[in-house]
Amino acid sequence: MEIVQMDRGQGKTMFLIKKSAESQCPIVCYSEKQAQLIKERAEEIGLDIPDPIKLKFPNYKESFKGRKIENGILIDDVDYVLERLFGSKINIVTTSCDVYTYMNINEKVK
């Protein structure tokens, strides 16, 4: 797993859109509006991505029915996804990861 950390509005979603186009892994997001925004942005820049997956709560497993996910998934705004998944504010998380990338405003993804 790779973790990419950027401030809000600095290009995380655009980064994932490009990764999704390269890998053909779908992007999981927290709302229908976000899923539409992701698809529209990909089309605007001419990238073909799998349809984003909007998690349906409380039965999130339905979100993946009929989907072939062979190469894994990409998650946009994991903090929001986890809060929606558990129905509660997430105070602390820990993880082990293979790659951690911090990008600041000076490294904004275009």
# chains A, B, ... in the order shown; residues from 1 in each chain; ligands from 1
call {"tool": "select_by_dssp", "arguments": {"residues": "region 26-91 of chain A", "states": "strand (DSSP E)", "output": "list in words"}}
result
Ile27, Val28, Cys29, Ile53, Lys54, Leu74 and Ile75 of chain A
call {"tool": "write_last_selection", "arguments": {"atoms": "all heavy atoms", "output": "compact mmCIF listing (two decimals), in the first residue's frame"}}
result
# COMPACT_ATOMS: atom_id res chain seq x y z
N ILE A 27 -11.48 4.01 -8.48
CA ILE A 27 -11.34 4.88 -7.33
C ILE A 27 -12.59 4.74 -6.47
O ILE A 27 -13.71 4.87 -6.96
CB ILE A 27 -11.17 6.35 -7.76
CG1 ILE A 27 -9.90 6.52 -8.59
CG2 ILE A 27 -11.16 7.28 -6.54
CD1 ILE A 27 -9.75 7.89 -9.25
N VAL A 28 -12.40 4.46 -5.19
CA VAL A 28 -13.50 4.39 -4.23
C VAL A 28 -13.62 5.75 -3.57
O VAL A 28 -12.62 6.33 -3.15
CB VAL A 28 -13.24 3.30 -3.16
CG1 VAL A 28 -14.33 3.31 -2.10
CG2 VAL A 28 -13.15 1.92 -3.81
N CYS A 29 -14.85 6.26 -3.49
CA CYS A 29 -15.07 7.56 -2.86
C CYS A 29 -16.31 7.51 -1.97
O CYS A 29 -17.02 6.52 -1.92
CB CYS A 29 -15.17 8.66 -3.90
SG CYS A 29 -16.44 8.39 -5.13
N ILE A 53 -16.25 4.06 -7.67
CA ILE A 53 -17.15 3.30 -6.81
C ILE A 53 -17.55 4.18 -5.63
O ILE A 53 -16.71 4.61 -4.85
CB ILE A 53 -16.48 2.02 -6.28
CG1 ILE A 53 -16.10 1.11 -7.44
CG2 ILE A 53 -17.39 1.30 -5.29
CD1 ILE A 53 -15.24 -0.08 -7.05
N LYS A 54 -18.83 4.47 -5.52
CA LYS A 54 -19.35 5.23 -4.39
C LYS A 54 -19.82 4.22 -3.37
O LYS A 54 -20.66 3.37 -3.65
CB LYS A 54 -20.51 6.12 -4.85
CG LYS A 54 -21.07 7.01 -3.77
CD LYS A 54 -22.30 6.40 -3.20
CE LYS A 54 -22.88 7.26 -2.10
NZ LYS A 54 -23.95 6.56 -1.39
N LEU A 74 -8.19 2.18 -5.52
CA LEU A 74 -7.59 3.42 -5.04
C LEU A 74 -8.67 4.11 -4.20
O LEU A 74 -9.84 4.08 -4.58
CB LEU A 74 -7.20 4.32 -6.23
CG LEU A 74 -6.35 3.66 -7.31
CD1 LEU A 74 -6.16 4.61 -8.49
CD2 LEU A 74 -5.01 3.23 -6.75
N ILE A 75 -8.33 4.69 -3.08
CA ILE A 75 -9.32 5.34 -2.23
C ILE A 75 -9.03 6.83 -2.16
O ILE A 75 -7.92 7.24 -1.80
CB ILE A 75 -9.33 4.75 -0.81
CG1 ILE A 75 -9.67 3.26 -0.86
CG2 ILE A 75 -10.34 5.50 0.07
CD1 ILE A 75 -9.64 2.57 0.49
call {"tool": "select_by_dssp", "arguments": {"residues": "region 69-100 of chain A", "states": "alpha helix (DSSP H)", "output": "ChimeraX atom specification"}}
result
/A:78-86
call {"tool": "write_last_selection", "arguments": {"atoms": "N, CA, C and O atoms", "output": "PDB file, in the first residue's frame"}}
result
ATOM      1  N   VAL A  78      -9.624   9.040   2.200  1.00  0.00           N
ATOM      2  CA  VAL A  78      -9.828   7.893   3.081  1.00  0.00           C
ATOM      3  C   VAL A  78     -10.438   8.308   4.420  1.00  0.00           C
ATOM      4  O   VAL A  78     -11.214   7.553   5.011  1.00  0.00           O
ATOM      5  N   ASP A  79     -10.136   9.525   4.885  1.00  0.00           N
ATOM      6  CA  ASP A  79     -10.726   9.988   6.142  1.00  0.00           C
ATOM      7  C   ASP A  79     -12.249  10.045   6.045  1.00  0.00           C
ATOM      8  O   ASP A  79     -12.956   9.566   6.936  1.00  0.00           O
ATOM      9  N   TYR A  80     -12.773  10.578   4.942  1.00  0.00           N
ATOM     10  CA  TYR A  80     -14.227  10.630   4.760  1.00  0.00           C
ATOM     11  C   TYR A  80     -14.814   9.238   4.562  1.00  0.00           C
ATOM     12  O   TYR A  80     -15.885   8.921   5.076  1.00  0.00           O
ATOM     13  N   VAL A  81     -14.119   8.407   3.796  1.00  0.00           N
ATOM     14  CA  VAL A  81     -14.608   7.042   3.554  1.00  0.00           C
ATOM     15  C   VAL A  81     -14.725   6.284   4.880  1.00  0.00           C
ATOM     16  O   VAL A  81     -15.746   5.648   5.152  1.00  0.00           O
ATOM     17  N   LEU A  82     -13.705   6.373   5.732  1.00  0.00           N
ATOM     18  CA  LEU A  82     -13.757   5.672   7.019  1.00  0.00           C
ATOM     19  C   LEU A  82     -14.850   6.222   7.926  1.00  0.00           C
ATOM     20  O   LEU A  82     -15.555   5.458   8.590  1.00  0.00           O
ATOM     21  N   GLU A  83     -15.014   7.532   7.945  1.00  0.00           N
ATOM     22  CA  GLU A  83     -16.071   8.115   8.771  1.00  0.00           C
ATOM     23  C   GLU A  83     -17.447   7.657   8.307  1.00  0.00           C
ATOM     24  O   GLU A  83     -18.304   7.344   9.124  1.00  0.00           O
ATOM     25  N   ARG A  84     -17.668   7.594   6.995  1.00  0.00           N
ATOM     26  CA  ARG A  84     -18.950   7.119   6.480  1.00  0.00           C
ATOM     27  C   ARG A  84     -19.124   5.634   6.763  1.00  0.00           C
ATOM     28  O   ARG A  84     -20.205   5.177   7.101  1.00  0.00           O
ATOM     29  N   LEU A  85     -18.041   4.885   6.630  1.00  0.00           N
ATOM     30  CA  LEU A  85     -18.089   3.443   6.842  1.00  0.00           C
ATOM     31  C   LEU A  85     -18.477   3.108   8.280  1.00  0.00           C
ATOM     32  O   LEU A  85     -19.319   2.249   8.533  1.00  0.00           O
ATOM     33  N   PHE A  86     -17.868   3.816   9.235  1.00  0.00           N
ATOM     34  CA  PHE A  86     -18.117   3.520  10.649  1.00  0.00           C
ATOM     35  C   PHE A  86     -19.181   4.403  11.280  1.00  0.00           C
ATOM     36  O   PHE A  86     -19.591   4.157  12.414  1.00  0.00           O
TER      37      PHE A  86
END
call {"tool": "closest_residue", "arguments": {"among": "A:Arg67, A:Lys18, A:Lys56, A:Lys89", "to": "Ile38 (chain A)", "atoms": "only C-alpha atoms"}}
result
A:Lys18
call {"tool": "atom_distance", "arguments": {"atom1": "CA of Lys39 (chain A)", "atom2": "CA of Ser88 (chain A)"}}
result
27.6 Å
call {"tool": "atom_distance", "arguments": {"atom1": "CA of Gln10 (chain A)", "atom2": "CA of Gly72 (chain A)"}}
result
24.3 Å
call {"tool": "atom_distance", "arguments": {"atom1": "CA of Ala42 (chain A)", "atom2": "CA of Tyr30 (chain A)"}}
result
17.5 Å
call {"tool": "closest_residue", "arguments": {"among": "A:Gly46, A:Gln34, A:Pro26, A:Thr94", "to": "Ile69 (chain A)", "atoms": "only C-alpha atoms"}}
result
A:Pro26
